[in-house]
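protein_31.cif, holding mmCIF, C-alpha atoms:
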data_target
loop_
_atom_site.label_atom_id
_atom_site.label_comp_id
_atom_site.auth_asym_id
_atom_site.auth_seq_id
_atom_site.Cartn_x
_atom_site.Cartn_y
_atom_site.Cartn_z
CA MET A 276 11.90 1.67 -20.48
CA THR A 277 11.30 1.45 -16.73
CA SER A 278 14.33 2.53 -14.70
CA PRO A 279 16.08 -0.24 -12.72
CA ALA A 280 15.60 1.98 -9.65
CA PHE A 281 11.82 1.97 -10.07
CA GLU A 282 10.25 0.05 -7.17
CA TRP A 283 7.40 -2.44 -7.35
CA VAL A 284 5.69 -2.50 -3.96
CA CYS A 285 3.23 -5.38 -4.10
CA GLU A 286 0.38 -5.54 -1.62
CA ILE A 287 -0.33 -8.97 -0.20
CA GLU A 288 -3.51 -10.28 1.39
CA PRO A 289 -3.08 -10.91 5.14
CA PRO A 290 -4.80 -14.02 6.49
CA THR A 291 -8.05 -13.94 8.44
CA ARG A 292 -7.14 -17.28 10.07
CA PRO A 293 -4.06 -18.25 12.13
CA ASP A 294 -2.28 -19.73 9.12
CA LEU A 295 0.53 -18.05 7.18
CA MET A 296 0.72 -20.57 4.32
CA HIS A 297 -1.19 -18.33 1.88
CA VAL A 298 1.01 -15.38 2.82
CA ARG A 299 4.13 -17.42 2.14
CA HIS A 300 2.75 -18.48 -1.22
CA GLN A 301 2.05 -14.88 -2.24
CA ILE A 302 5.55 -13.82 -1.22
CA GLY A 303 7.12 -16.69 -3.13
CA VAL A 304 5.10 -16.09 -6.29
CA LEU A 305 5.72 -12.33 -6.31
CA SER A 306 9.38 -12.53 -5.26
CA LYS A 307 10.71 -12.23 -8.81
CA VAL A 308 8.91 -8.93 -9.43
CA ALA A 309 8.45 -7.26 -6.02
CA SER A 310 10.91 -4.75 -4.60
CA ALA A 311 8.94 -4.73 -1.35
CA TYR A 312 5.64 -5.92 0.10
CA LEU A 313 2.94 -3.83 1.73
CA ILE A 314 0.87 -5.60 4.37
CA PRO A 315 -2.57 -4.04 5.03
CA ASP A 316 -4.10 -3.67 8.48
CA ASN A 317 -7.70 -4.98 8.79
CA HIS A 318 -8.35 -3.27 5.47
CA VAL A 319 -11.61 -5.04 4.66
CA GLY A 320 -13.16 -4.44 8.06
CA ARG A 321 -12.33 -7.96 9.25
CA ALA A 322 -9.72 -8.97 11.78
CA THR A 323 -6.55 -10.28 10.16
CA VAL A 324 -3.22 -11.52 11.45
CA SER A 325 -1.18 -8.54 12.63
CA SER A 326 0.47 -6.66 9.79
CA ILE A 327 3.65 -6.58 11.89
CA ALA A 328 3.65 -10.37 12.28
CA VAL A 329 3.17 -10.77 8.51
CA ALA A 330 5.90 -8.19 7.87
CA HIS A 331 8.22 -10.26 10.04
CA GLU A 332 7.37 -13.31 7.90
CA VAL A 333 8.23 -11.31 4.77
CA ASP A 334 11.59 -10.39 6.28
CA ARG A 335 12.28 -14.03 7.24
CA MET A 336 11.73 -15.00 3.60
CA GLY A 337 14.25 -12.42 2.43
CA GLY A 338 11.85 -9.68 1.36
CA ARG A 339 11.49 -6.05 2.38
CA SER A 340 8.28 -5.28 4.25
CA ILE A 341 6.15 -2.22 4.90
CA ALA A 342 3.59 -2.76 7.65
CA CYS A 343 0.40 -0.73 7.47
CA LEU A 344 -1.07 0.50 10.77
CA ASN A 345 -4.39 2.33 11.01
CA ALA A 346 -5.52 4.80 13.62
CA ARG A 347 -9.04 3.37 13.69
CA ASP A 348 -8.30 0.12 15.51
CA ARG A 349 -5.88 1.13 18.25
CA ASN A 350 -5.38 3.61 21.05
CA ALA A 351 -2.12 5.29 22.07
CA LEU A 352 -1.02 2.38 24.28
CA GLY A 353 -1.82 -0.16 21.58
CA PHE A 354 0.20 1.86 19.08
CA ARG A 355 3.18 1.95 21.41
CA ARG A 356 2.86 -1.84 21.80
CA ASP A 357 2.92 -2.22 18.01
CA LEU A 358 6.07 -0.11 17.73
CA LEU A 359 7.80 -2.18 20.39
CA THR A 360 6.74 -5.38 18.63
CA GLY A 361 7.95 -4.04 15.30
CA ALA A 362 11.33 -3.09 16.78
CA ALA A 363 11.68 -6.54 18.36
CA TYR A 364 10.96 -8.16 14.99
CA GLY A 365 13.17 -5.81 13.00
CA VAL A 366 10.22 -4.19 11.19
CA ASP A 367 11.20 -0.58 10.57
CA GLU A 368 8.97 0.73 7.75
CA PHE A 369 5.36 1.66 8.41
CA LEU A 370 2.54 3.11 6.36
CA PHE A 371 0.18 5.06 8.61
CA VAL A 372 -3.46 5.44 7.56
CA TYR A 373 -6.53 6.85 9.27
CA GLY A 374 -8.67 3.84 8.40
CA ASP A 375 -12.20 3.74 7.02
CA ASP A 376 -14.96 4.51 9.47
CA PRO A 377 -16.25 1.28 11.02
CA ALA A 378 -19.83 0.13 10.47
CA SER A 379 -20.54 0.79 14.15
CA GLY A 380 -19.51 4.41 13.71
CA SER A 381 -17.17 4.24 16.72
CA ARG A 382 -13.40 4.79 16.76
CA THR A 383 -10.88 5.02 19.55
CA GLY A 384 -10.47 8.72 18.78
CA GLN A 385 -6.98 8.83 20.30
CA LEU A 386 -4.83 8.66 17.19
CA THR A 387 -4.43 10.47 13.91
CA VAL A 388 -1.88 9.83 11.19
CA ARG A 389 -0.08 12.99 12.24
CA SER A 390 0.16 11.89 15.87
CA MET A 391 1.37 8.44 14.80
CA ILE A 392 4.25 10.01 12.88
CA ASP A 393 5.16 12.17 15.89
CA GLU A 394 5.08 9.14 18.20
CA LEU A 395 7.26 7.09 15.83
CA ARG A 396 9.87 9.87 15.82
CA ARG A 397 9.82 9.99 19.65
CA PHE A 398 10.07 6.22 19.80
CA GLY A 399 13.15 6.24 17.57
CA ASP A 400 14.79 8.86 19.76
CA GLU A 401 14.03 6.87 22.91
CA GLN A 402 15.57 3.75 21.40
CA GLY A 403 18.67 5.70 20.43
CA GLU A 404 17.91 4.98 16.78
CA ARG A 405 16.94 8.35 15.33
CA GLY A 406 16.03 7.89 11.68
CA ALA A 407 16.02 4.09 11.91
CA PHE A 408 12.24 3.90 11.51
CA ARG A 409 10.54 5.17 8.36
CA ALA A 410 6.98 6.49 8.21
CA GLY A 411 4.80 6.70 5.13
CA VAL A 412 1.45 8.39 4.55
CA THR A 413 -1.19 8.31 1.83
CA SER A 414 -2.54 11.03 -0.43
CA ARG A 415 -5.48 11.50 -2.76
CA LEU A 416 -4.94 13.35 -6.03
CA ARG A 417 -5.32 16.63 -4.18
CA PRO A 418 -2.96 19.24 -2.73
CA LEU A 419 -0.66 17.73 -0.12
CA PRO A 420 -1.00 19.14 3.44
CA ASP A 421 2.24 20.58 4.76
CA TRP A 422 2.46 18.16 7.69
CA LYS A 423 2.53 15.16 5.35
CA ARG A 424 5.81 16.45 3.92
CA ASP A 425 7.45 15.28 7.16
CA ALA A 426 6.85 11.66 6.14
CA ASP A 427 9.58 9.56 4.54
CA PHE A 428 7.48 8.20 1.68
CA LEU A 429 4.09 8.75 0.11
CA PHE A 430 1.56 6.28 -1.27
CA VAL A 431 -0.84 7.86 -3.77
CA GLN A 432 -4.45 6.77 -4.05
CA VAL A 433 -5.26 4.12 -6.65
CA SER A 434 -5.86 5.67 -10.04
CA PHE A 435 -6.62 4.39 -13.53
CA ASP A 436 -5.64 7.60 -15.32
CA LEU A 437 -1.96 8.17 -16.11
CA ASP A 438 -2.55 11.76 -17.23
CA ALA A 439 -4.27 12.61 -13.93
CA LEU A 440 -1.39 11.07 -11.97
CA LEU A 441 1.21 13.03 -13.94
CA ALA A 442 -0.74 16.28 -13.60
CA TRP A 443 -0.97 15.78 -9.84
CA ARG A 444 2.71 14.91 -9.52
CA ASP A 445 3.68 18.13 -11.29
CA THR A 446 1.99 20.13 -8.52
CA VAL A 447 3.42 18.28 -5.51
CA ARG A 448 6.69 18.92 -3.74
CA PHE A 449 7.81 15.97 -1.64
CA ASP A 450 11.38 15.02 -0.75
CA GLY A 451 10.80 11.31 -0.15
CA SER A 452 9.77 8.47 -2.44
CA VAL A 453 6.34 8.69 -4.09
CA TYR A 454 4.47 5.54 -5.12
CA ALA A 455 1.49 5.61 -7.47
CA GLY A 456 -1.37 3.24 -6.66
CA VAL A 457 -2.51 0.69 -9.26
CA MET A 458 -5.10 -2.03 -8.70
CA VAL A 459 -5.96 -5.16 -10.63
CA VAL A 460 -9.74 -5.02 -11.12
CA PRO A 461 -10.87 -8.67 -11.04
CA SER A 462 -14.35 -8.07 -12.48
CA ALA A 463 -16.49 -5.24 -13.80
CA SER A 464 -18.86 -5.62 -10.86
CA MET A 465 -15.98 -5.17 -8.42
CA GLY A 466 -14.89 -2.09 -10.35
CA ARG A 467 -18.35 -0.58 -9.95
CA LYS A 468 -18.40 -1.43 -6.24
CA LEU A 469 -15.02 0.25 -5.84
CA MET A 470 -16.32 3.46 -7.42
CA ALA A 471 -19.46 3.38 -5.27
CA ALA A 472 -17.38 2.99 -2.11
CA ILE A 473 -14.70 5.57 -3.00
CA PRO A 474 -16.11 8.44 -5.11
CA ASP A 475 -12.61 9.79 -5.87
CA ILE A 476 -11.80 6.63 -7.82
CA VAL A 477 -13.06 6.30 -11.39
CA VAL A 478 -12.55 3.09 -13.33
CA PRO A 479 -12.81 4.05 -17.04
CA ASP A 480 -15.74 2.62 -18.95
CA TRP A 481 -13.37 1.08 -21.47
CA TRP A 482 -11.62 -0.81 -18.65
CA LEU A 483 -14.96 -2.12 -17.41
CA GLY A 484 -15.95 -3.08 -20.94
CA ALA A 485 -12.69 -4.94 -21.53
CA ILE A 486 -13.02 -6.78 -18.22
CA ASP A 487 -16.66 -7.62 -18.95
CA ALA A 488 -15.52 -9.21 -22.20
CA ASP A 489 -12.52 -10.97 -20.64
CA ARG A 490 -12.22 -11.37 -16.85
CA GLY A 491 -8.47 -11.75 -17.23
CA ALA A 492 -8.12 -8.34 -18.89
CA GLY A 493 -7.77 -6.55 -15.55
CA VAL A 494 -4.31 -8.01 -15.02
CA GLY A 495 -2.97 -6.80 -18.34
CA LEU A 496 -4.52 -3.36 -17.98
CA ALA A 497 -3.06 -2.86 -14.50
CA CYS A 498 0.39 -4.13 -15.48
CA ASP A 499 0.46 -1.93 -18.58
CA LEU A 500 -0.52 1.12 -16.50
CA ALA A 501 2.10 0.36 -13.86
CA THR A 502 4.75 -0.02 -16.55
CA ALA A 503 3.71 3.28 -18.15
CA ILE A 504 4.00 4.98 -14.75
CA GLY A 505 7.54 3.64 -14.46
CA GLU A 506 8.46 4.77 -17.95
CA SER A 507 7.17 8.29 -17.22
CA GLY A 508 9.97 8.87 -14.70
CA ALA A 509 7.58 10.88 -12.53
CA PHE A 510 7.32 8.38 -9.67
CA ASP A 511 9.78 6.39 -7.60
CA GLY A 512 7.65 3.28 -7.75
CA VAL A 513 4.21 1.79 -7.92
CA HIS A 514 2.01 0.36 -5.18
CA LEU A 515 0.48 -2.58 -7.00
CA ILE A 516 -2.58 -4.34 -5.58
CA PRO A 517 -2.98 -7.66 -7.40
CA GLY A 518 -5.51 -9.17 -4.98
CA LEU A 519 -6.46 -12.73 -5.84
CA ARG A 520 -4.83 -12.35 -9.27
CA TYR A 521 -1.31 -12.30 -7.86
CA ARG A 522 -0.23 -15.39 -9.81
CA GLU A 523 -1.32 -13.95 -13.17
CA THR A 524 0.15 -10.57 -12.25
CA ALA A 525 3.53 -12.05 -11.37
CA ALA A 526 3.60 -14.07 -14.60
CA ARG A 527 2.78 -10.96 -16.65
CA LEU A 528 5.40 -8.78 -14.97
CA GLU A 529 8.21 -11.34 -15.08
CA GLY A 530 8.46 -10.70 -18.81
CA ARG A 531 8.50 -6.90 -18.57
#

Starting from the file, lay out its structure as structure tokens.
Amino acid sequence: MTSPAFEWVCEIEPPTRPDLMHVRHQIGVLSKVASAYLIPDNHVGRATVSSIAVAHEVDRMGGRSIACLNARDRNALGFRRDLLTGAAYGVDEFLFVYGDDPASGSRTGQLTVRSMIDELRRFGDEQGERGAFRAGVTSRLRPLPDWKRDADFLFVQVSFDLDALLAWRDTVRFDGSVYAGVMVVPSASMGRKLMAAIPDIVVPDWWLGAIDADRGAGVGLACDLATAIGESGAFDGVHLIPGLRYRETAARLEGR
């Protein structure tokens, strides 16, 4: 049985238009199963409403938010602006990522995940709120660099292999919370595109076959894997990415 302390961090889709209705609907539908919500930051290479603004909306609706910020799309001044905005809105948990390389091949070049963590710590000290802001980082299923151990929580790359996740966890020392990544694969073609884009990710052939036979199978497979991760006791929670299947995912998990 999954421990009551096990956290379900559900990722929500931020809007690409100035309208938060779809965000509110996702929050409402997932509210019975989500411990917290992760809000991505321009994760599909398109401009979206600020993750901090969406995180504020989550908080207004009574949820706990984690705002993702990437190094790719901002310089040092822009990052400081985002921290000030987050503090003004009461957003205090951030997931820092490097961000995929843009199609243009150009980045600001001023920030790294490591420098973002350092700046957040300085910002907290300046505000007289040491420890009030929490920083998270991501990890592939590889050895964890020492500097990442300074983060408060860790999001692990999406995986479809429980044994691989458990084997990795046995080798990693980290004092904060560790969340395993699980994604609902909406179609076999999307699963193949995911593997082509991210070579470290392997969607098992039997998953693809099941989804080919039944497009709704991806929800059940992801929910079963997430539940098995919780029952293993090896992780503090799961980072669940339901995508457009958030309604079906919520309905499936409500009965867990």

When the PyMOL selection byres ((chain A and resi 344) around 7) is applied to the file above, which residues end up in the set, as a list of chain:residue names?
->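 Taken over the shown coordinates, the PyMOL selection byres ((chain A and resi 344) around 7) returns A:Asp316, A:Ala342, A:Cys343, A:Asn345, A:Ala346, A:Phe369, A:Leu370, A:Phe371, A:Val372.
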
Mind writing the picked residues with C-alpha atoms as a PDB file, in the coordinates of the input?
ATOM      1  CA  ASP A 316      -4.100  -3.670   8.480  1.00  0.00           C
ATOM      2  CA  ALA A 342       3.590  -2.760   7.650  1.00  0.00           C
ATOM      3  CA  CYS A 343       0.400  -0.730   7.470  1.00  0.00           C
ATOM      4  CA  ASN A 345      -4.390   2.330  11.010  1.00  0.00           C
ATOM      5  CA  ALA A 346      -5.520   4.800  13.620  1.00  0.00           C
ATOM      6  CA  PHE A 369       5.360   1.660   8.410  1.00  0.00           C
ATOM      7  CA  LEU A 370       2.540   3.110   6.360  1.00  0.00           C
ATOM      8  CA  PHE A 371       0.180   5.060   8.610  1.00  0.00           C
ATOM      9  CA  VAL A 372      -3.460   5.440   7.560  1.00  0.00           C
TER      10      VAL A 372
END

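Taking CA of Ser390 in chain A and CA of Ala362 in chain A as endpoints, the distance between them is 18.7 Å.
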
Residue neighbourhood range 293-302 of chain A, 9 Å, only C-alpha atoms, exclusion window fewer than 3 positions, as number ranges by chain = A: 287-290, 305-306, 309, 312, 323-324, 329, 332-333, 336, 338, 521-522

Could you name the residues that touch range 400-412 of chain A at 10 Å or less, counting all atoms listed in the file, but leaving out those on the same chain fewer than 6 positions away, as a ChimeraX atom specification?
-> /A:341-343,358-359,361-362,365-373,388-389,391-394,423-431,451-453

Do you have the CA of Asp445 in chain A-CA of Val459 in chain A distance handy?
->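 A separation of 25.2 Å between them.
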
Expected selection from the PyMOL selection byres ((chain A and resi 527) around 12), given as a ChimeraX atom specification = /A:304-305,307-308,491-499,501-502,517,520-526,528-531

Tell me, in Å to one decimal, how far CA of Ala351 in chain A is from CA of Glu286 in chain A.
->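 Separation of CA of Ala351 in chain A and CA of Glu286 in chain A: 26.2 Å.
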
Would you kindly place N, CA and C atoms on range 358-374 of chain A and return the model as a JSON list (two decimals), in the coordinates of the input?
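The new file rebuild04.json reads:
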[["chain", "number", "residue", "atom", "x", "y", "z"],
["A", 358, "LEU", "N", 4.72, -0.57, 18.04],
["A", 358, "LEU", "CA", 6.07, -0.11, 17.73],
["A", 358, "LEU", "C", 7.13, -0.96, 18.43],
["A", 359, "LEU", "N", 6.87, -1.32, 19.67],
["A", 359, "LEU", "CA", 7.80, -2.18, 20.39],
["A", 359, "LEU", "C", 7.90, -3.55, 19.73],
["A", 360, "THR", "N", 6.75, -4.08, 19.31],
["A", 360, "THR", "CA", 6.74, -5.38, 18.63],
["A", 360, "THR", "C", 7.50, -5.30, 17.31],
["A", 361, "GLY", "N", 7.25, -4.22, 16.56],
["A", 361, "GLY", "CA", 7.95, -4.04, 15.30],
["A", 361, "GLY", "C", 9.46, -3.96, 15.50],
["A", 362, "ALA", "N", 9.89, -3.21, 16.51],
["A", 362, "ALA", "CA", 11.33, -3.09, 16.78],
["A", 362, "ALA", "C", 11.92, -4.44, 17.17],
["A", 363, "ALA", "N", 11.19, -5.22, 17.95],
["A", 363, "ALA", "CA", 11.68, -6.54, 18.36],
["A", 363, "ALA", "C", 11.82, -7.47, 17.17],
["A", 364, "TYR", "N", 10.94, -7.32, 16.18],
["A", 364, "TYR", "CA", 10.96, -8.16, 14.99],
["A", 364, "TYR", "C", 11.82, -7.60, 13.87],
["A", 365, "GLY", "N", 12.36, -6.41, 14.05],
["A", 365, "GLY", "CA", 13.17, -5.81, 13.00],
["A", 365, "GLY", "C", 12.36, -5.15, 11.90],
["A", 366, "VAL", "N", 11.08, -4.88, 12.16],
["A", 366, "VAL", "CA", 10.22, -4.19, 11.19],
["A", 366, "VAL", "C", 10.40, -2.69, 11.40],
["A", 367, "ASP", "N", 10.86, -1.99, 10.37],
["A", 367, "ASP", "CA", 11.20, -0.58, 10.57],
["A", 367, "ASP", "C", 10.56, 0.38, 9.57],
["A", 368, "GLU", "N", 9.69, -0.14, 8.69],
["A", 368, "GLU", "CA", 8.97, 0.73, 7.75],
["A", 368, "GLU", "C", 7.47, 0.56, 7.97],
["A", 369, "PHE", "N", 6.78, 1.68, 8.11],
["A", 369, "PHE", "CA", 5.36, 1.66, 8.41],
["A", 369, "PHE", "C", 4.61, 2.63, 7.50],
["A", 370, "LEU", "N", 3.45, 2.21, 7.05],
["A", 370, "LEU", "CA", 2.54, 3.11, 6.36],
["A", 370, "LEU", "C", 1.40, 3.40, 7.31],
["A", 371, "PHE", "N", 1.22, 4.67, 7.67],
["A", 371, "PHE", "CA", 0.18, 5.06, 8.61],
["A", 371, "PHE", "C", -1.05, 5.57, 7.86],
["A", 372, "VAL", "N", -2.21, 5.03, 8.19],
["A", 372, "VAL", "CA", -3.46, 5.44, 7.56],
["A", 372, "VAL", "C", -4.50, 5.71, 8.64],
["A", 373, "TYR", "N", -5.48, 6.53, 8.31],
["A", 373, "TYR", "CA", -6.53, 6.85, 9.27],
["A", 373, "TYR", "C", -7.50, 5.69, 9.44],
["A", 374, "GLY", "N", -7.76, 4.97, 8.35],
["A", 374, "GLY", "CA", -8.67, 3.84, 8.40],
["A", 374, "GLY", "C", -10.09, 4.25, 8.11]]
